[in-house]
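First the structure, in the form of structure tokens, and then the observations on it.
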Amino acid sequence: MDSTGGDHSEGSSRIGDVPAQIEGVQKRIEKSLAGHAYSAAAQFAIRLSLEEAIMNGFRHGNRQDASKAVEVRWEICADSATFHVIDEGEGFDPDAVPDPTLDENLEIPSGRGLMLIRAYMSEAAYHGAGNHLEMTFRKSAKK
Amino acid sequence: MAQETSRILVTDLDGVLRVEFVDRDILDEASIRKIGAELVRRIEAVANPHVLICFRGVEHLSSAALGTLITVNSLTKKRGGQLRLSDIRPSILEVFTITKLDKLFHISDTAARALEGFGNKG
């Protein structure tokens, strides 16, 4: 569902079969971002972060069980865009994820999604058990 | 002769496997797995594989794609060869910089320069 107020847009989606449905959600959000004059660089940052967050929720949270949903909610304003990505998994400790940029971890093929989210979004925080990610992109931030 | 395999085009250029992507977005995990499997099969078919992956036209890629590149790089090195990347647009190059994978991969501005690099390695 998408709705547009005077100065902001909001929407939500519950995705079960994430690989098949993620593109449709990204398109809806992309359209809203364009409507609020987000730059190409901002749209790149948000799309990448959402891709990583939703796929993490599906792969690690829901363990690729399409009968479980990843819920995505967003509110997009002229200055900032906030996203909630909530999976049905048990959660995790984001501080326990190894730093993939350390020399000894560079050749490990996985574990970069979270660091990309933190790099590209202005704020990113996990709530509860760690299955609810809230992330915000602010135009004023140098990202 | 170019041959389309899943979502990539692979061309043999005098012993260098040149790989290009069919899609502008390298995000879909099933496609990424297919691309990885195809590259592994190609690399395992030759001794001392020299592989050039050209990113011309690619606009987005995910951490899953980075993971496949790391796997391909490790396999190529293990078999006595080398992987080089080229034609990466600035927005994607930033992803390599943020993740510090620009330290792991040989990255060239253009395919021509990457091919020169293989030549220098003999």
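Residues are named by chain letter and number: chains run A, B, ... in the order of the structure tokens, numbers start at 1 in each chain, and ligands are numbered from 1 in the order shown.
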For chain B against chain A, which residues fall within 12 Å using only C-alpha atoms, given as a ChimeraX atom specification? /B:25-32,36,59-75,77,90-92,94-105
Just want the 9 Å neighbourhood of Trp74 of chain A, counted on only C-alpha atoms, with same-chain residues fewer than 6 positions away dropped. Output as a ChimeraX atom specification. /A:9-12,29,81-85
For the residues in that selection, give me N, CA and C atoms as an mmCIF file, in the first residue's frame.
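To be explicit, this is the file written out as again32.cif:
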```
data_model
loop_
_atom_site.group_PDB
_atom_site.id
_atom_site.type_symbol
_atom_site.label_atom_id
_atom_site.label_comp_id
_atom_site.auth_asym_id
_atom_site.auth_seq_id
_atom_site.Cartn_x
_atom_site.Cartn_y
_atom_site.Cartn_z
ATOM 1 N N SER A 9 5.574 10.653 1.488
ATOM 2 C CA SER A 9 4.929 9.440 0.977
ATOM 3 C C SER A 9 5.244 8.306 1.930
ATOM 4 N N GLU A 10 4.321 7.388 2.053
ATOM 5 C CA GLU A 10 4.608 6.220 2.870
ATOM 6 C C GLU A 10 3.990 4.987 2.236
ATOM 7 N N GLY A 11 4.557 3.856 2.581
ATOM 8 C CA GLY A 11 4.057 2.616 2.020
ATOM 9 C C GLY A 11 4.559 1.432 2.825
ATOM 10 N N SER A 12 4.041 0.281 2.495
ATOM 11 C CA SER A 12 4.477 -0.936 3.179
ATOM 12 C C SER A 12 4.232 -2.139 2.279
ATOM 13 N N ILE A 29 9.479 2.089 -4.287
ATOM 14 C CA ILE A 29 10.251 3.039 -3.479
ATOM 15 C C ILE A 29 11.036 3.989 -4.383
ATOM 16 N N ALA A 81 14.519 9.840 4.325
ATOM 17 C CA ALA A 81 13.715 8.648 4.029
ATOM 18 C C ALA A 81 14.037 7.593 5.075
ATOM 19 N N THR A 82 12.994 7.086 5.728
ATOM 20 C CA THR A 82 13.178 6.092 6.785
ATOM 21 C C THR A 82 12.524 4.768 6.383
ATOM 22 N N PHE A 83 13.223 3.686 6.666
ATOM 23 C CA PHE A 83 12.774 2.345 6.274
ATOM 24 C C PHE A 83 12.832 1.412 7.477
ATOM 25 N N HIS A 84 11.831 0.550 7.572
ATOM 26 C CA HIS A 84 11.833 -0.523 8.570
ATOM 27 C C HIS A 84 11.800 -1.850 7.809
ATOM 28 N N VAL A 85 12.706 -2.734 8.162
ATOM 29 C CA VAL A 85 12.746 -4.066 7.551
ATOM 30 C C VAL A 85 12.685 -5.076 8.691
#
```
Counting only C-alpha atoms, which of A:His132, A:His60, A:Lys139, A:Lys68 gets nearest to Ala37 of chain A? A:Lys139
Nearest-residue call for Arg89 of chain B, choices B:Thr76, B:Thr11, B:Asn48, B:Ser108, using only C-alpha atoms: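 Residue with the minimum atom-to-atom distance to Arg89 of chain B: B:Ser108.
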Just the strand (DSSP E) stuff from segment 12-72 of chain A, please, per backbone DSSP, written as a short mmCIF file (atom, residue, chain, number, x, y, z; two decimals) with N, CA and C atoms, in the first residue's frame.
```
data_model
loop_
_atom_site.label_atom_id
_atom_site.label_comp_id
_atom_site.auth_asym_id
_atom_site.auth_seq_id
_atom_site.Cartn_x
_atom_site.Cartn_y
_atom_site.Cartn_z
N SER A 12 4.04 0.28 2.49
CA SER A 12 4.48 -0.94 3.18
C SER A 12 4.23 -2.14 2.28
N SER A 13 4.96 -3.20 2.59
CA SER A 13 4.77 -4.44 1.84
C SER A 13 5.23 -5.61 2.70
N ARG A 14 4.51 -6.70 2.61
CA ARG A 14 4.95 -7.94 3.26
C ARG A 14 5.35 -8.90 2.15
N ILE A 15 6.63 -9.29 2.18
CA ILE A 15 7.17 -10.09 1.08
C ILE A 15 7.49 -11.49 1.59
N VAL A 70 8.98 -10.96 5.06
CA VAL A 70 9.81 -9.81 5.44
C VAL A 70 8.92 -8.59 5.23
N GLU A 71 8.70 -7.86 6.30
CA GLU A 71 7.86 -6.66 6.22
C GLU A 71 8.74 -5.44 5.96
N VAL A 72 8.35 -4.66 4.99
CA VAL A 72 9.09 -3.43 4.66
C VAL A 72 8.13 -2.26 4.76
#
```
